[in-house]
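S.K.: I am sharing model-v4.cif, which consists of mmCIF, N, CA and C atoms:
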data_my_file
loop_
_atom_site.label_atom_id
_atom_site.label_comp_id
_atom_site.auth_asym_id
_atom_site.auth_seq_id
_atom_site.Cartn_x
_atom_site.Cartn_y
_atom_site.Cartn_z
N MET F 144 -5.66 77.15 -15.54
CA MET F 144 -6.28 76.61 -14.35
C MET F 144 -5.81 77.33 -13.09
N THR F 145 -4.52 77.24 -12.84
CA THR F 145 -4.00 77.89 -11.63
C THR F 145 -3.54 79.30 -11.90
N GLY F 146 -3.65 79.77 -13.16
CA GLY F 146 -3.22 81.13 -13.50
C GLY F 146 -4.10 82.19 -12.87
N ASN F 147 -5.34 81.85 -12.55
CA ASN F 147 -6.27 82.80 -11.94
C ASN F 147 -6.02 83.03 -10.47
N ARG F 148 -5.36 82.09 -9.83
CA ARG F 148 -5.19 82.18 -8.38
C ARG F 148 -4.30 83.35 -8.01
N GLN F 149 -4.76 84.10 -7.04
CA GLN F 149 -3.97 85.23 -6.55
C GLN F 149 -3.45 84.88 -5.17
N LYS F 150 -2.24 85.34 -4.94
CA LYS F 150 -1.62 85.12 -3.64
C LYS F 150 -2.20 86.11 -2.65
N ARG F 151 -2.53 85.64 -1.48
CA ARG F 151 -3.04 86.53 -0.45
C ARG F 151 -1.94 87.47 0.01
N PRO F 152 -2.26 88.73 0.22
CA PRO F 152 -1.22 89.66 0.67
C PRO F 152 -0.75 89.31 2.09
N GLY F 153 0.56 89.30 2.26
CA GLY F 153 1.13 89.02 3.57
C GLY F 153 1.13 87.56 3.96
N SER F 154 0.85 86.66 3.01
CA SER F 154 0.74 85.26 3.37
C SER F 154 2.10 84.65 3.74
N ARG F 155 3.17 85.09 3.09
CA ARG F 155 4.50 84.56 3.44
C ARG F 155 4.93 85.03 4.82
N LEU F 156 4.66 86.28 5.11
CA LEU F 156 5.00 86.80 6.43
C LEU F 156 4.19 86.09 7.51
N LEU F 157 2.92 85.90 7.25
CA LEU F 157 2.07 85.20 8.21
C LEU F 157 2.51 83.76 8.41
N LEU F 158 2.90 83.10 7.33
CA LEU F 158 3.41 81.74 7.44
C LEU F 158 4.69 81.69 8.26
N GLY F 159 5.58 82.64 8.04
CA GLY F 159 6.83 82.68 8.81
C GLY F 159 6.58 82.89 10.29
N ILE F 160 5.67 83.81 10.60
CA ILE F 160 5.34 84.07 12.00
C ILE F 160 4.69 82.83 12.62
N ALA F 161 3.78 82.20 11.87
CA ALA F 161 3.11 81.01 12.39
C ALA F 161 4.08 79.86 12.61
N LEU F 162 5.04 79.68 11.70
CA LEU F 162 6.03 78.62 11.88
C LEU F 162 6.92 78.90 13.09
N PHE F 163 7.30 80.15 13.28
CA PHE F 163 8.12 80.51 14.43
C PHE F 163 7.35 80.26 15.73
N ALA F 164 6.10 80.73 15.79
CA ALA F 164 5.30 80.54 16.99
C ALA F 164 4.98 79.06 17.22
N GLY F 165 4.72 78.33 16.13
CA GLY F 165 4.45 76.90 16.27
C GLY F 165 5.66 76.13 16.76
N THR F 166 6.83 76.54 16.31
CA THR F 166 8.07 75.91 16.78
C THR F 166 8.26 76.13 18.27
N LEU F 167 8.11 77.38 18.70
CA LEU F 167 8.26 77.67 20.12
C LEU F 167 7.21 76.95 20.97
N ALA F 168 5.97 76.96 20.50
CA ALA F 168 4.89 76.32 21.27
C ALA F 168 5.09 74.82 21.36
N SER F 169 5.49 74.18 20.26
CA SER F 169 5.68 72.73 20.31
C SER F 169 6.87 72.35 21.19
N MET F 170 7.94 73.15 21.14
CA MET F 170 9.07 72.86 22.02
C MET F 170 8.68 73.03 23.49
N TYR F 171 7.93 74.08 23.78
CA TYR F 171 7.49 74.33 25.15
C TYR F 171 6.58 73.19 25.63
N ALA F 172 5.66 72.76 24.76
CA ALA F 172 4.76 71.67 25.15
C ALA F 172 5.54 70.37 25.36
N GLY F 173 6.52 70.11 24.50
CA GLY F 173 7.33 68.91 24.66
C GLY F 173 8.10 68.91 25.97
N VAL F 174 8.64 70.06 26.33
CA VAL F 174 9.39 70.17 27.59
C VAL F 174 8.46 70.01 28.79
N LEU F 175 7.25 70.58 28.72
CA LEU F 175 6.30 70.42 29.82
C LEU F 175 5.89 68.97 30.01
N VAL F 176 5.62 68.28 28.91
CA VAL F 176 5.24 66.87 29.00
C VAL F 176 6.40 66.05 29.56
N ALA F 177 7.62 66.33 29.10
CA ALA F 177 8.78 65.59 29.59
C ALA F 177 9.00 65.83 31.07
N ASP F 178 8.81 67.06 31.51
CA ASP F 178 8.97 67.38 32.93
C ASP F 178 7.92 66.65 33.77
N PHE F 179 6.70 66.61 33.26
CA PHE F 179 5.62 65.92 33.97
C PHE F 179 5.90 64.42 34.07
N VAL F 180 6.34 63.83 32.96
CA VAL F 180 6.64 62.40 32.96
C VAL F 180 7.83 62.10 33.87
N SER F 181 8.83 62.96 33.87
CA SER F 181 9.98 62.76 34.76
C SER F 181 9.56 62.83 36.22
N ASP F 182 8.64 63.72 36.54
CA ASP F 182 8.12 63.78 37.91
C ASP F 182 7.35 62.52 38.27
N LEU F 183 6.54 62.03 37.34
CA LEU F 183 5.76 60.82 37.61
C LEU F 183 6.65 59.60 37.83
N VAL F 184 7.69 59.50 37.04
CA VAL F 184 8.59 58.35 37.13
C VAL F 184 9.51 58.48 38.34
N GLY F 185 9.79 59.70 38.76
CA GLY F 185 10.64 59.92 39.92
C GLY F 185 12.10 60.14 39.58
N VAL F 186 12.36 60.67 38.40
CA VAL F 186 13.74 60.94 38.00
C VAL F 186 14.23 62.18 38.75
N ALA F 187 15.37 62.05 39.43
CA ALA F 187 15.89 63.16 40.23
C ALA F 187 17.17 63.75 39.65
N SER F 188 17.82 63.04 38.76
CA SER F 188 19.09 63.50 38.20
C SER F 188 18.85 64.64 37.21
N PRO F 189 19.49 65.79 37.45
CA PRO F 189 19.31 66.92 36.52
C PRO F 189 19.79 66.62 35.10
N THR F 190 20.83 65.80 34.98
CA THR F 190 21.36 65.46 33.66
C THR F 190 20.36 64.62 32.87
N VAL F 191 19.75 63.66 33.53
CA VAL F 191 18.77 62.80 32.87
C VAL F 191 17.53 63.61 32.51
N ARG F 192 17.09 64.47 33.43
CA ARG F 192 15.91 65.30 33.16
C ARG F 192 16.16 66.22 31.97
N LEU F 193 17.35 66.80 31.88
CA LEU F 193 17.68 67.67 30.76
C LEU F 193 17.71 66.89 29.45
N GLY F 194 18.26 65.70 29.48
CA GLY F 194 18.29 64.86 28.28
C GLY F 194 16.89 64.48 27.82
N VAL F 195 16.04 64.12 28.78
CA VAL F 195 14.65 63.77 28.43
C VAL F 195 13.93 64.98 27.86
N LYS F 196 14.17 66.16 28.42
CA LYS F 196 13.53 67.38 27.90
C LYS F 196 14.00 67.68 26.48
N ALA F 197 15.28 67.51 26.22
CA ALA F 197 15.81 67.79 24.88
C ALA F 197 15.23 66.83 23.85
N ILE F 198 15.13 65.56 24.22
CA ILE F 198 14.57 64.57 23.30
C ILE F 198 13.09 64.85 23.05
N ALA F 199 12.36 65.20 24.10
CA ALA F 199 10.93 65.48 23.95
C ALA F 199 10.69 66.74 23.12
N ALA F 200 11.51 67.76 23.30
CA ALA F 200 11.35 68.98 22.51
C ALA F 200 11.63 68.70 21.04
N ALA F 201 12.65 67.90 20.75
CA ALA F 201 12.95 67.54 19.36
C ALA F 201 11.85 66.67 18.76
N ALA F 202 11.28 65.80 19.56
CA ALA F 202 10.21 64.93 19.07
C ALA F 202 8.91 65.69 18.83
N ALA F 203 8.70 66.79 19.54
CA ALA F 203 7.46 67.55 19.39
C ALA F 203 7.49 68.50 18.21
N LEU F 204 8.66 68.80 17.66
CA LEU F 204 8.77 69.74 16.54
C LEU F 204 7.97 69.33 15.30
N PRO F 205 8.03 68.08 14.86
CA PRO F 205 7.24 67.73 13.67
C PRO F 205 5.73 67.93 13.88
N GLY F 206 5.26 67.72 15.08
CA GLY F 206 3.85 67.95 15.37
C GLY F 206 3.46 69.41 15.21
N GLY F 207 4.32 70.30 15.68
CA GLY F 207 4.06 71.73 15.53
C GLY F 207 4.05 72.16 14.08
N PHE F 208 5.02 71.67 13.30
CA PHE F 208 5.05 71.99 11.88
C PHE F 208 3.82 71.43 11.17
N TYR F 209 3.39 70.24 11.55
CA TYR F 209 2.22 69.62 10.93
C TYR F 209 0.96 70.45 11.19
N LEU F 210 0.79 70.91 12.42
CA LEU F 210 -0.40 71.71 12.74
C LEU F 210 -0.42 73.03 11.99
N VAL F 211 0.73 73.68 11.88
CA VAL F 211 0.79 74.94 11.12
C VAL F 211 0.52 74.68 9.64
N GLU F 212 1.08 73.60 9.12
CA GLU F 212 0.86 73.28 7.71
C GLU F 212 -0.62 73.01 7.44
N ARG F 213 -1.26 72.24 8.31
CA ARG F 213 -2.68 71.95 8.13
C ARG F 213 -3.51 73.22 8.16
N ALA F 214 -3.18 74.13 9.07
CA ALA F 214 -3.94 75.38 9.17
C ALA F 214 -3.79 76.20 7.89
N PHE F 215 -2.60 76.26 7.34
CA PHE F 215 -2.40 77.05 6.13
C PHE F 215 -2.98 76.37 4.90
N LEU F 216 -2.97 75.05 4.84
CA LEU F 216 -3.61 74.37 3.73
C LEU F 216 -5.11 74.57 3.77
N GLU F 217 -5.69 74.53 4.95
CA GLU F 217 -7.13 74.78 5.10
C GLU F 217 -7.46 76.21 4.70
N ARG F 218 -6.61 77.13 5.09
CA ARG F 218 -6.80 78.54 4.72
C ARG F 218 -6.72 78.71 3.21
N SER F 219 -5.82 78.00 2.58
CA SER F 219 -5.66 78.06 1.14
C SER F 219 -6.88 77.47 0.43
N ARG F 220 -7.39 76.37 0.93
CA ARG F 220 -8.58 75.75 0.33
C ARG F 220 -9.78 76.65 0.46
N ALA F 221 -9.91 77.31 1.60
CA ALA F 221 -11.05 78.21 1.81
C ALA F 221 -10.99 79.38 0.84
N THR F 222 -9.81 79.86 0.53
CA THR F 222 -9.65 80.95 -0.42
C THR F 222 -9.99 80.49 -1.83
N SER F 223 -9.54 79.31 -2.21
CA SER F 223 -9.78 78.84 -3.58
C SER F 223 -11.24 78.47 -3.79
N ARG F 224 -11.99 78.13 -2.75
CA ARG F 224 -13.40 77.82 -2.89
C ARG F 224 -14.24 79.06 -3.15
N LYS F 225 -13.77 80.20 -2.67
CA LYS F 225 -14.54 81.44 -2.81
C LYS F 225 -14.53 81.96 -4.24
N THR F 226 -13.48 81.64 -4.98
CA THR F 226 -13.43 82.12 -6.35
C THR F 226 -14.14 81.15 -7.26
N PRO F 227 -15.03 81.63 -8.12
CA PRO F 227 -15.77 80.71 -9.00
C PRO F 227 -14.85 80.15 -10.07
N SER F 228 -15.06 78.90 -10.40
CA SER F 228 -14.23 78.29 -11.44
C SER F 228 -14.87 78.53 -12.81
N PRO F 229 -14.06 78.71 -13.86
CA PRO F 229 -14.61 79.00 -15.19
C PRO F 229 -15.24 77.80 -15.86
#
Just dump the structure as structure tokens.
M.R.:
Amino acid sequence: MTGNRQKRPGSRLLLGIALFAGTLASMYAGVLVADFVSDLVGVASPTVRLGVKAIAAAAALPGGFYLVERAFLERSRATSRKTPSP
């Protein structure tokens, strides 16, 4: 069944690059949202703002990993649909 499936060339490298970029993008987005919320609330303390940014960046990481995973699973499904089943 799964013996026919061929691995796409460069898929591991592409996954690594996508995970790295997704990690950076999600952390950046989390920090931007935290900064915006801190401005709206009126937080002026640099220590509190830094803590909120760190928590938001850590909270945004699973979302970035989820989006990259979904993209690669969709890519994998599209590849397996193209090959005819016996």
S.K.: Here is a test: counting only C-alpha atoms, which residue of F:Arg220, F:Gly194, F:Arg213, F:Phe208 is nearest to Ala164 (chain F)?
M.R.: F:Phe208
S.K.: Quick one: which residues end up in the PyMOL selection byres (((chain F and resi 190-193 and name CA) around 12) and name CA) for this structure, as a PyMOL selection string?
M.R.: chain F and resi 174-189+194-200
S.K.: Mind giving me the straight-line distance from CA of Gly173 (chain F) to atom N of Ala203 (chain F) in Å, one decimal?
M.R.: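 The value is 5.7 Å.
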S.K.: Point out the residue among F:Arg155, F:Gly165, F:Ser219, F:Tyr171 with the least atom-to-atom distance to Gly206 (chain F), counting only C-alpha atoms.
M.R.: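 For Gly206 (chain F), the nearest of the given residues is F:Gly165.
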S.K.: Would you please work out which residue, of F:Gly207, F:Ala201, F:Phe215, F:Met170, is nearest to Leu158 (chain F) when using all atoms listed in the file?
M.R.: F:Phe215
S.K.: To one decimal place in Å, what is the distance between CA of Gly159 (chain F) and atom N of Leu204 (chain F)?
M.R.: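 Atom-to-atom, CA of Gly159 (chain F) and atom N of Leu204 (chain F) are spaced 16.6 Å apart.
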S.K.: As an exercise, work out the distance from CA of Leu157 (chain F) to CA of Ala172 (chain F) in Å and give it to one decimal place.
M.R.: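 Atom-to-atom, CA of Leu157 (chain F) to CA of Ala172 (chain F), that is 21.8 Å.
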S.K.: Run DSSP on the backbone of this structure and report the residues of region 148-180 of chain F it assigns to helix (DSSP H, G or I), as an MDAnalysis selection string.
M.R.: chainID F and resid 154:180
